[in-house]
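First comes the structure, then the notes that go with it.
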Amino acid sequence: MRQEKTLLLQEIKDKIDSSQALVLATYERMNPNLAANFRMDVAKTGGSFEVVKKRVLIKAAEEAGITLDRADLKGHIGVVFAENDPVETTKCVYKFSKDNKDTLVVLGGRFEGSLCSETDLKLISELPSQDEMRSQFIGTLEAPMTQTLGAIDALLCSVIHCLENKCASGEEQANS
């Protein structure tokens, strides 16, 4: 194997090893401007998009411990590597695919060490973001406490109103 191919193989293997997730996709009719926009959108989520030859991808995946079937890889192959937030990167891929019909078709990928089908990745892309899940969790924890505080506040207010009414009626009797 030539030195350039060996370096490329090692680079792809290192990216596979260092990424939390990867998405395999075929692309067609992607002009340079569209590809640049896609790369920028993916980079904003902490990922990267690489166009890889099938043979190099299969060898790099095998060296990383992933078995890919060449028959499943049809057309031009692009790989999205998610280094930081795999859910946001996957959402970005599906948003681009939806906005640009017949340009990018997701084939499958790997998410946190497990191979995933296209359907699995689509479900992952529909998950709420990490910040949304945190706020939902905090809201779930906060709701019972807020309701309890509201009930205690209502009880105290009713006791205070009873005392004020009793004092007011006592003053009226004293003045008469």
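In the structure tokens, chains take the letters A, B, ... in the order shown, each chain's residues start at 1, and ligands count up from 1 in the order shown.
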
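Contact shell of Gln10 (chain A) at 12 Å (only C-alpha atoms; same-chain neighbours under 3 positions omitted): Gln3, Glu4, Lys5, Thr6, Leu7, Lys13, Asp14, Lys15, Ile16, Asp17, Val56, Leu57, Lys59, Ala60, Ala61, Glu62, Glu63 and Ala64 of chain A.
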
Can I get the selection written as an mmCIF file, in the first residue's frame, with N, CA, C and O atoms?
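Heads up, here's the output in part-v9.cif:
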data_model
loop_
_atom_site.group_PDB
_atom_site.id
_atom_site.type_symbol
_atom_site.label_atom_id
_atom_site.label_comp_id
_atom_site.auth_asym_id
_atom_site.auth_seq_id
_atom_site.Cartn_x
_atom_site.Cartn_y
_atom_site.Cartn_z
ATOM 1 N N GLN A 3 2.246 5.048 0.600
ATOM 2 C CA GLN A 3 2.338 5.805 1.844
ATOM 3 C C GLN A 3 1.145 6.763 2.008
ATOM 4 O O GLN A 3 0.615 6.916 3.099
ATOM 5 N N GLU A 4 0.705 7.383 0.902
ATOM 6 C CA GLU A 4 -0.435 8.315 0.981
ATOM 7 C C GLU A 4 -1.695 7.592 1.444
ATOM 8 O O GLU A 4 -2.454 8.093 2.263
ATOM 9 N N LYS A 5 -1.918 6.387 0.896
ATOM 10 C CA LYS A 5 -3.097 5.618 1.274
ATOM 11 C C LYS A 5 -2.991 5.149 2.720
ATOM 12 O O LYS A 5 -3.991 5.114 3.442
ATOM 13 N N THR A 6 -1.794 4.789 3.143
ATOM 14 C CA THR A 6 -1.602 4.372 4.526
ATOM 15 C C THR A 6 -1.901 5.520 5.477
ATOM 16 O O THR A 6 -2.555 5.332 6.508
ATOM 17 N N LEU A 7 -1.442 6.709 5.145
ATOM 18 C CA LEU A 7 -1.715 7.883 5.974
ATOM 19 C C LEU A 7 -3.211 8.201 6.001
ATOM 20 O O LEU A 7 -3.770 8.523 7.063
ATOM 21 N N LYS A 13 -9.145 6.007 10.440
ATOM 22 C CA LYS A 13 -9.248 5.140 11.616
ATOM 23 C C LYS A 13 -9.200 5.967 12.896
ATOM 24 O O LYS A 13 -9.975 5.740 13.833
ATOM 25 N N ASP A 14 -8.302 6.942 12.952
ATOM 26 C CA ASP A 14 -8.202 7.805 14.134
ATOM 27 C C ASP A 14 -9.486 8.604 14.352
ATOM 28 O O ASP A 14 -9.941 8.766 15.492
ATOM 29 N N LYS A 15 -10.092 9.072 13.267
ATOM 30 C CA LYS A 15 -11.351 9.817 13.384
ATOM 31 C C LYS A 15 -12.475 8.908 13.885
ATOM 32 O O LYS A 15 -13.307 9.328 14.679
ATOM 33 N N ILE A 16 -12.492 7.682 13.393
ATOM 34 C CA ILE A 16 -13.508 6.724 13.851
ATOM 35 C C ILE A 16 -13.331 6.458 15.345
ATOM 36 O O ILE A 16 -14.300 6.441 16.105
ATOM 37 N N ASP A 17 -12.089 6.262 15.766
ATOM 38 C CA ASP A 17 -11.807 5.967 17.175
ATOM 39 C C ASP A 17 -12.126 7.156 18.086
ATOM 40 O O ASP A 17 -12.612 6.961 19.199
ATOM 41 N N VAL A 56 -11.205 2.391 1.398
ATOM 42 C CA VAL A 56 -10.469 2.958 2.533
ATOM 43 C C VAL A 56 -11.348 2.958 3.783
ATOM 44 O O VAL A 56 -10.897 2.610 4.874
ATOM 45 N N LEU A 57 -12.621 3.310 3.636
ATOM 46 C CA LEU A 57 -13.543 3.332 4.764
ATOM 47 C C LEU A 57 -13.721 1.943 5.362
ATOM 48 O O LEU A 57 -13.677 1.769 6.585
ATOM 49 N N LYS A 59 -11.643 -0.645 5.193
ATOM 50 C CA LYS A 59 -10.411 -1.073 5.864
ATOM 51 C C LYS A 59 -10.216 -0.337 7.188
ATOM 52 O O LYS A 59 -9.851 -0.938 8.196
ATOM 53 N N ALA A 60 -10.466 0.966 7.192
ATOM 54 C CA ALA A 60 -10.313 1.742 8.432
ATOM 55 C C ALA A 60 -11.318 1.281 9.485
ATOM 56 O O ALA A 60 -10.986 1.183 10.666
ATOM 57 N N ALA A 61 -12.530 0.997 9.048
ATOM 58 C CA ALA A 61 -13.551 0.513 9.983
ATOM 59 C C ALA A 61 -13.160 -0.843 10.557
ATOM 60 O O ALA A 61 -13.343 -1.095 11.755
ATOM 61 N N GLU A 62 -12.635 -1.719 9.716
ATOM 62 C CA GLU A 62 -12.197 -3.036 10.199
ATOM 63 C C GLU A 62 -11.090 -2.891 11.234
ATOM 64 O O GLU A 62 -11.083 -3.591 12.245
ATOM 65 N N GLU A 63 -10.151 -1.993 10.983
ATOM 66 C CA GLU A 63 -9.063 -1.773 11.943
ATOM 67 C C GLU A 63 -9.588 -1.174 13.248
ATOM 68 O O GLU A 63 -8.986 -1.358 14.300
ATOM 69 N N ALA A 64 -10.718 -0.445 13.182
ATOM 70 C CA ALA A 64 -11.328 0.136 14.380
ATOM 71 C C ALA A 64 -12.302 -0.833 15.045
ATOM 72 O O ALA A 64 -12.906 -0.502 16.063
#

*asked:* Among chain A, which ones does DSSP assign to helix (DSSP H, G or I) (computed from the backbone)? Answer as a ChimeraX atom specification.
replied: /A:3-18,32-44,54-63,70-72,86-99,118-125,130-175

*Running DSSP on the backbone, which parts of region 1-171 of chain A land in strand (DSSP E or B), as a PyMOL selection string?*
chain A and resi 21-27+47-51+76-82+104-111+114-117

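Between Val87 (chain A) and the residues A:Glu11, A:Glu50, A:Asp120, A:Glu28, the shortest atom-to-atom distance, using only C-alpha atoms, involves A:Asp120.
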
*Would you mind listing what lies within 10 Å of region 101-106 of chain A as an MDAnalysis selection string, with only C-alpha atoms counted and same-chain residues fewer than 3 positions away left out?*
chainID A and resid 23:31 34 76:79 90 93:94 96:98 109 117:119 121:122

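Nearest to Ser48 (chain A) of all the residues A:Glu83, A:Asp153, A:Asp69, A:Glu88 is A:Glu83, based on only C-alpha atoms.
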
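Shortest separation to Ile124 (chain A) among A:Ala21, A:Cys162, A:Leu73, A:Cys157 occurs at residue A:Ala21, atoms counted being only C-alpha atoms.
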
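Proximity to Ala82 (chain A) was assessed for A:Ser169, A:Thr67, A:Ser135, A:Ser19 counting only C-alpha atoms; the smallest distance is recorded for A:Ser19.
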
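For the pair CA of Ala154 (chain A) and CA of Gly139 (chain A), the interatomic distance is 21.7 Å.
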